file start.cif (mmCIF, C-alpha atoms)
data_final
#
loop_
_atom_site.group_PDB
_atom_site.id
_atom_site.type_symbol
_atom_site.label_atom_id
_atom_site.label_comp_id
_atom_site.auth_asym_id
_atom_site.auth_seq_id
_atom_site.Cartn_x
_atom_site.Cartn_y
_atom_site.Cartn_z
ATOM 1 C CA MET A 139 -5.789 3.009 18.364
ATOM 2 C CA ILE A 140 -6.178 6.798 18.440
ATOM 3 C CA GLU A 141 -9.192 8.784 19.563
ATOM 4 C CA LEU A 142 -10.056 12.463 19.778
ATOM 5 C CA ARG A 143 -12.737 13.533 22.228
ATOM 6 C CA ASP A 144 -14.460 16.927 22.095
ATOM 7 C CA ILE A 145 -11.477 18.753 20.620
ATOM 8 C CA HIS A 146 -11.595 22.547 20.578
ATOM 9 C CA LYS A 147 -8.956 24.845 19.112
ATOM 10 C CA HIS A 148 -9.194 28.617 19.311
ATOM 11 C CA PHE A 149 -6.911 31.183 17.712
ATOM 12 C CA GLY A 150 -7.876 34.262 19.667
ATOM 13 C CA THR A 151 -11.547 34.824 18.866
ATOM 14 C CA ILE A 152 -11.469 32.382 15.926
ATOM 15 C CA LYS A 153 -12.868 28.953 16.746
ATOM 16 C CA ALA A 154 -11.094 26.627 14.325
ATOM 17 C CA LEU A 155 -12.334 23.410 15.946
ATOM 18 C CA GLN A 156 -15.489 23.064 17.993
ATOM 19 C CA GLY A 157 -16.158 19.760 19.718
ATOM 20 C CA VAL A 158 -14.587 17.424 17.160
ATOM 21 C CA SER A 159 -14.497 13.720 18.055
ATOM 22 C CA LEU A 160 -12.897 11.016 15.946
ATOM 23 C CA LYS A 161 -11.776 7.429 16.494
ATOM 24 C CA VAL A 162 -9.393 5.633 14.139
ATOM 25 C CA ALA A 163 -8.870 1.957 14.889
ATOM 26 C CA ALA A 164 -5.822 -0.089 14.011
ATOM 27 C CA GLY A 165 -6.166 -1.548 10.528
ATOM 28 C CA SER A 166 -8.496 1.139 9.205
ATOM 29 C CA ILE A 167 -8.433 4.119 6.849
ATOM 30 C CA HIS A 168 -10.509 7.236 7.551
ATOM 31 C CA GLY A 169 -10.958 10.199 5.222
ATOM 32 C CA VAL A 170 -11.622 13.629 6.748
ATOM 33 C CA VAL A 171 -13.734 15.756 4.411
ATOM 34 C CA GLY A 172 -15.152 19.258 4.577
ATOM 35 C CA GLU A 173 -15.209 22.696 2.995
ATOM 36 C CA ASN A 174 -12.192 24.992 3.005
ATOM 37 C CA GLY A 175 -11.906 26.525 6.463
ATOM 38 C CA ALA A 176 -13.700 23.652 8.180
ATOM 39 C CA GLY A 177 -10.613 22.849 10.255
ATOM 40 C CA LYS A 178 -9.293 19.682 8.585
ATOM 41 C CA SER A 179 -5.655 20.738 8.561
ATOM 42 C CA THR A 180 -5.940 22.133 12.084
ATOM 43 C CA LEU A 181 -7.289 18.793 13.303
ATOM 44 C CA MET A 182 -4.388 16.932 11.717
ATOM 45 C CA LYS A 183 -1.870 19.322 13.271
ATOM 46 C CA VAL A 184 -3.425 18.708 16.692
ATOM 47 C CA LEU A 185 -3.076 14.969 16.090
ATOM 48 C CA THR A 186 0.630 15.321 15.316
ATOM 49 C CA GLY A 187 1.527 17.756 18.098
ATOM 50 C CA TYR A 188 2.217 20.568 15.636
ATOM 51 C CA ILE A 189 -0.261 22.786 17.485
ATOM 52 C CA ALA A 190 -1.778 22.386 20.937
ATOM 53 C CA ARG A 191 -5.506 21.892 21.423
ATOM 54 C CA THR A 192 -7.425 24.411 23.521
ATOM 55 C CA SER A 193 -9.445 21.686 25.224
ATOM 56 C CA GLY A 194 -10.499 18.083 24.783
ATOM 57 C CA SER A 195 -8.673 14.781 25.034
ATOM 58 C CA VAL A 196 -6.388 12.698 22.814
ATOM 59 C CA LEU A 197 -6.194 8.984 23.594
ATOM 60 C CA PHE A 198 -3.604 6.594 22.190
ATOM 61 C CA ASP A 199 -4.208 2.891 22.825
ATOM 62 C CA LYS A 200 -6.943 3.992 25.279
ATOM 63 C CA GLN A 201 -4.503 6.086 27.349
ATOM 64 C CA GLU A 202 -4.800 9.883 27.428
ATOM 65 C CA VAL A 203 -1.680 11.556 26.059
ATOM 66 C CA ASP A 204 -0.348 15.098 25.761
ATOM 67 C CA LEU A 205 1.055 15.993 22.366
ATOM 68 C CA HIS A 206 2.960 19.223 22.927
ATOM 69 C CA THR A 207 5.345 18.811 19.989
ATOM 70 C CA PRO A 208 5.745 16.657 16.862
ATOM 71 C CA LYS A 209 8.511 14.855 18.768
ATOM 72 C CA ASP A 210 5.921 13.733 21.347
ATOM 73 C CA ALA A 211 3.758 12.356 18.536
ATOM 74 C CA ARG A 212 6.642 10.576 16.814
ATOM 75 C CA ALA A 213 7.637 8.929 20.095
ATOM 76 C CA LEU A 214 4.197 7.288 20.115
ATOM 77 C CA GLY A 215 4.423 6.258 16.470
ATOM 78 C CA ILE A 216 2.253 9.065 15.063
ATOM 79 C CA GLY A 217 3.577 10.488 11.796
ATOM 80 C CA MET A 218 2.295 12.929 9.201
ATOM 81 C CA LEU A 219 2.878 13.120 5.477
ATOM 82 C CA TYR A 220 2.398 16.767 4.578
ATOM 83 C CA GLN A 221 1.041 18.042 1.276
ATOM 84 C CA GLU A 222 4.463 19.609 0.668
ATOM 85 C CA PRO A 223 7.085 17.100 1.851
ATOM 86 C CA LEU A 224 9.361 18.237 4.663
ATOM 87 C CA ASP A 225 12.701 17.445 3.101
ATOM 88 C CA PHE A 226 16.096 18.827 2.111
ATOM 89 C CA LEU A 227 16.392 19.465 -1.611
ATOM 90 C CA GLN A 228 20.161 19.978 -1.489
ATOM 91 C CA LEU A 229 20.741 16.470 -0.096
ATOM 92 C CA SER A 230 20.444 13.015 -1.656
ATOM 93 C CA VAL A 231 17.544 10.583 -1.434
ATOM 94 C CA LEU A 232 19.484 8.472 1.078
ATOM 95 C CA ASP A 233 20.461 11.483 3.208
ATOM 96 C CA ASN A 234 16.806 12.491 3.428
ATOM 97 C CA PHE A 235 15.774 8.940 4.313
ATOM 98 C CA MET A 236 18.311 8.991 7.133
ATOM 99 C CA ALA A 237 17.139 12.366 8.496
ATOM 100 C CA GLY A 238 16.192 12.005 12.148
ATOM 101 C CA ALA A 239 17.180 8.329 12.287
ATOM 102 C CA PRO A 240 18.962 7.206 15.470
ATOM 103 C CA ARG A 241 21.310 5.018 13.442
ATOM 104 C CA PHE A 242 23.525 6.479 10.746
ATOM 105 C CA ASP A 243 25.184 3.415 9.236
ATOM 106 C CA ARG A 244 24.833 4.328 5.566
ATOM 107 C CA GLN A 245 25.018 0.773 4.270
ATOM 108 C CA VAL A 246 22.348 -0.433 6.689
ATOM 109 C CA MET A 247 20.109 2.518 5.829
ATOM 110 C CA ARG A 248 20.713 2.072 2.101
ATOM 111 C CA SER A 249 19.639 -1.563 2.346
ATOM 112 C CA ALA A 250 16.548 -0.581 4.338
ATOM 113 C CA LEU A 251 15.615 2.033 1.745
ATOM 114 C CA LEU A 252 16.061 -0.362 -1.170
ATOM 115 C CA ASP A 253 14.038 -3.051 0.610
ATOM 116 C CA LEU A 254 11.156 -0.611 1.163
ATOM 117 C CA THR A 255 11.217 0.732 -2.395
ATOM 118 C CA SER A 256 11.058 -2.821 -3.707
ATOM 119 C CA ARG A 257 8.262 -3.732 -1.306
ATOM 120 C CA PHE A 258 5.997 -0.883 -2.462
ATOM 121 C CA GLY A 259 7.048 -0.687 -6.100
ATOM 122 C CA PHE A 260 8.637 2.754 -5.832
ATOM 123 C CA GLU A 261 11.612 3.720 -8.010
ATOM 124 C CA LEU A 262 13.990 5.788 -5.881
ATOM 125 C CA GLU A 263 17.750 5.837 -6.409
ATOM 126 C CA PRO A 264 19.552 6.383 -3.069
ATOM 127 C CA ASP A 265 22.318 8.604 -4.501
ATOM 128 C CA CYS A 266 20.025 10.762 -6.630
ATOM 129 C CA PRO A 267 19.840 14.454 -5.607
ATOM 130 C CA LEU A 268 16.421 15.067 -4.098
ATOM 131 C CA GLN A 269 15.920 18.169 -6.226
ATOM 132 C CA TRP A 270 15.667 15.916 -9.291
ATOM 133 C CA LEU A 271 12.593 14.137 -7.906
ATOM 134 C CA THR A 272 8.970 15.011 -8.578
ATOM 135 C CA VAL A 273 6.650 15.982 -5.715
ATOM 136 C CA GLY A 274 5.124 12.500 -5.902
ATOM 137 C CA GLU A 275 8.513 10.812 -5.599
ATOM 138 C CA ARG A 276 9.467 13.053 -2.677
ATOM 139 C CA GLN A 277 6.172 12.064 -1.049
ATOM 140 C CA GLN A 278 7.021 8.379 -1.585
ATOM 141 C CA LEU A 279 10.382 8.898 0.115
ATOM 142 C CA GLU A 280 8.814 10.651 3.093
ATOM 143 C CA LEU A 281 6.291 7.823 3.423
ATOM 144 C CA LEU A 282 9.109 5.256 3.470
ATOM 145 C CA ARG A 283 10.975 7.264 6.099
ATOM 146 C CA LEU A 284 7.874 7.312 8.322
ATOM 147 C CA ILE A 285 7.380 3.564 7.861
ATOM 148 C CA HIS A 286 11.028 2.902 8.721
ATOM 149 C CA GLU A 287 10.609 5.006 11.893
ATOM 150 C CA GLY A 288 7.866 2.615 13.014
ATOM 151 C CA THR A 289 4.863 4.850 12.426
ATOM 152 C CA ARG A 290 1.653 3.180 13.628
ATOM 153 C CA VAL A 291 -0.726 6.101 13.075
ATOM 154 C CA LEU A 292 -0.237 7.697 9.663
ATOM 155 C CA ILE A 293 -1.827 11.031 8.779
ATOM 156 C CA LEU A 294 -1.797 12.378 5.216
ATOM 157 C CA ASP A 295 -2.781 15.944 4.326
ATOM 158 C CA GLU A 296 -4.264 16.205 0.799
ATOM 159 C CA PRO A 297 -2.051 13.345 -0.412
ATOM 160 C CA THR A 298 -3.131 13.409 -4.070
ATOM 161 C CA THR A 299 -2.357 17.071 -4.736
ATOM 162 C CA GLY A 300 0.286 17.503 -7.438
ATOM 163 C CA ILE A 301 1.050 13.829 -8.065
ATOM 164 C CA SER A 302 0.454 11.730 -11.172
ATOM 165 C CA GLU A 303 -2.281 9.135 -11.568
ATOM 166 C CA HIS A 304 0.306 6.344 -11.474
ATOM 167 C CA GLN A 305 1.745 7.752 -8.247
ATOM 168 C CA GLN A 306 -1.773 7.920 -6.787
ATOM 169 C CA ASP A 307 -2.254 4.238 -7.575
ATOM 170 C CA LEU A 308 1.074 3.353 -5.929
ATOM 171 C CA LEU A 309 0.239 5.484 -2.885
ATOM 172 C CA PHE A 310 -3.124 3.871 -2.246
ATOM 173 C CA ALA A 311 -1.754 0.391 -2.851
ATOM 174 C CA ALA A 312 0.854 1.147 -0.167
ATOM 175 C CA LEU A 313 -1.813 2.462 2.215
ATOM 176 C CA ARG A 314 -3.946 -0.637 1.747
ATOM 177 C CA SER A 315 -0.913 -2.789 2.529
ATOM 178 C CA LEU A 316 -0.182 -0.762 5.679
ATOM 179 C CA LYS A 317 -3.832 -1.025 6.696
ATOM 180 C CA GLU A 318 -3.639 -4.814 6.478
ATOM 181 C CA GLU A 319 -0.589 -4.683 8.740
ATOM 182 C CA GLY A 320 -2.573 -2.841 11.414
ATOM 183 C CA CYS A 321 -1.683 0.771 10.705
ATOM 184 C CA ALA A 322 -4.320 3.401 11.537
ATOM 185 C CA ILE A 323 -4.536 5.860 8.636
ATOM 186 C CA THR A 324 -6.235 9.242 8.362
ATOM 187 C CA LEU A 325 -6.465 11.067 5.040
ATOM 188 C CA GLY A 326 -7.150 14.698 4.321
ATOM 189 C CA PRO A 327 -9.334 15.360 1.266
ATOM 190 C CA ILE A 328 -8.401 13.499 -1.919
ATOM 191 C CA ASN A 329 -8.880 15.568 -4.996
ATOM 192 C CA SER A 330 -10.042 13.436 -7.925
ATOM 193 C CA GLN A 331 -12.688 10.858 -8.618
ATOM 194 C CA ARG A 332 -9.992 8.486 -9.891
ATOM 195 C CA SER A 333 -8.034 8.665 -6.646
ATOM 196 C CA LYS A 334 -11.242 8.180 -4.663
ATOM 197 C CA ARG A 335 -11.853 4.967 -6.593
ATOM 198 C CA SER A 336 -8.275 3.911 -5.829
ATOM 199 C CA ALA A 337 -8.770 4.525 -2.100
ATOM 200 C CA THR A 338 -11.046 1.550 -1.624
ATOM 201 C CA GLY A 339 -12.104 0.489 1.851
ATOM 202 C CA TYR A 340 -11.919 3.809 3.653
ATOM 203 C CA GLN A 341 -14.488 5.532 5.842
ATOM 204 C CA SER A 342 -15.171 9.264 5.826
ATOM 205 C CA CYS A 343 -15.671 11.789 8.614
ATOM 206 C CA ALA A 344 -17.349 15.053 7.603
ATOM 207 C CA MET A 345 -16.444 18.379 9.190
ATOM 208 C CA ALA A 346 -18.628 21.480 8.966
ATOM 209 C CA GLU A 347 -17.348 25.031 8.844
#
call {"tool": "encode", "arguments": {"input": "start.cif", "output": "structure tokens"}}
result
Amino acid sequence: MIELRDIHKHFGTIKALQGVSLKVAAGSIHGVVGENGAGKSTLMKVLTGYIARTSGSVLFDKQEVDLHTPKDARALGIGMLYQEPLDFLQLSVLDNFMAGAPRFDRQVMRSALLDLTSRFGFELEPDCPLQWLTVGERQQLELLRLIHEGTRVLILDEPTTGISEHQQDLLFAALRSLKEEGCAITLGPINSQRSKRSATGYQSCAMAE
């Protein structure tokens, strides 16, 4: 579904990425591993249009695409779940779920949110202030928002950092379900042996510094 070919990214004289190639098919989960400074986060930001590559090609459904901004990536169905969720603590769970949505019918969006929470076993109250949620619960909400947007390529940066073991289990159960539905998933490093056992059925891609 998505492929990177010979990606280079330079920041002045610093070569953050040098000739990285990666292919993630629909219905698969890939883990990107490497030492600190190897360029994992930079690669993911290139994939989501957060930063521009210096050279190389990005193909989506076998067609070369230009990802100049995150909006370009979202238009193709490429979404990223950041280590620190991009949300609005002063707003409610429902308001955050609706952020960026083209349709703002609160009852329709409330029903969609409740359907998704039930589907994945999450416990999120639509009217709850977001600031009352844990990092793991905020991550769950952001994942549901991306799913509702129609994300087909899902990228997660260090998804197990700061979340409980139970939340890790729920996260990987959700990812396995999305994989079965044809989603292409790329994970940044996962930080415990328990979560690695939970993330069954994924392939790894090593990056060297």
call {"tool": "resolve_selection", "arguments": {"input": "start.cif", "expression": "the PyMOL selection byres ((chain A and resi 263) around 12)", "output": "CSV table (one decimal) with C-alpha atoms, in the coordinates of the input"}}
result
chain,number,residue,atom,x,y,z
A,230,SER,CA,20.4,13.0,-1.7
A,231,VAL,CA,17.5,10.6,-1.4
A,232,LEU,CA,19.5,8.5,1.1
A,233,ASP,CA,20.5,11.5,3.2
A,234,ASN,CA,16.8,12.5,3.4
A,235,PHE,CA,15.8,8.9,4.3
A,248,ARG,CA,20.7,2.1,2.1
A,249,SER,CA,19.6,-1.6,2.3
A,251,LEU,CA,15.6,2.0,1.7
A,252,LEU,CA,16.1,-0.4,-1.2
A,253,ASP,CA,14.0,-3.1,0.6
A,254,LEU,CA,11.2,-0.6,1.2
A,255,THR,CA,11.2,0.7,-2.4
A,256,SER,CA,11.1,-2.8,-3.7
A,260,PHE,CA,8.6,2.8,-5.8
A,261,GLU,CA,11.6,3.7,-8.0
A,262,LEU,CA,14.0,5.8,-5.9
A,264,PRO,CA,19.6,6.4,-3.1
A,265,ASP,CA,22.3,8.6,-4.5
A,266,CYS,CA,20.0,10.8,-6.6
A,267,PRO,CA,19.8,14.5,-5.6
A,268,LEU,CA,16.4,15.1,-4.1
A,270,TRP,CA,15.7,15.9,-9.3
A,271,LEU,CA,12.6,14.1,-7.9
A,275,GLU,CA,8.5,10.8,-5.6
A,276,ARG,CA,9.5,13.1,-2.7
A,279,LEU,CA,10.4,8.9,0.1
call {"tool": "resolve_selection", "arguments": {"input": "start.cif", "expression": "the PyMOL selection byres ((chain A and resi 213) around 12)", "output": "list in words"}}
result
Thr186, Gly187, Phe198, Val203, Asp204, Leu205, His206, Thr207, Pro208, Lys209, Asp210, Ala211, Arg212, Leu214, Gly215, Ile216, Gly217, Leu284, Glu287, Gly288, Thr289, Arg290 and Val291 of chain A
call {"tool": "resolve_selection", "arguments": {"input": "start.cif", "expression": "the PyMOL selection byres ((chain A and resi 164) around 8)", "output": "MDAnalysis selection string"}}
result
chainID A and resid 139 162:163 165:166 317 320:322
call {"tool": "atom_distance", "arguments": {"input": "start.cif", "atom1": "CA of Ala250 in chain A", "atom2": "CA of Leu316 in chain A"}}
result
16.8 Å
call {"tool": "atom_distance", "arguments": {"input": "start.cif", "atom1": "CA of Gly157 in chain A", "atom2": "CA of Ser193 in chain A"}}
result
8.9 Å
call {"tool": "atom_distance", "arguments": {"input": "start.cif", "atom1": "CA of His146 in chain A", "atom2": "CA of Thr180 in chain A"}}
result
10.2 Å
call {"tool": "residues_around", "arguments": {"input": "start.cif", "residues": "range 311-314 of chain A", "least_positions_apart": "2", "cutoff": "12 Å", "atoms": "only C-alpha atoms", "output": "NGL selection string"}}
result
:A and (165-168 or 254-260 or 278 or 281-282 or 285 or 290-294 or 297 or 304-309 or 316-325 or 333 or 335-340)
call {"tool": "residues_around", "arguments": {"input": "start.cif", "residues": "Asp144 in chain A", "least_positions_apart": "3", "cutoff": "8 Å", "atoms": "only C-alpha atoms", "output": "list in words"}}
result
Gln156, Gly157, Val158, Ser159, Ser193, Gly194 and Ser195 of chain A
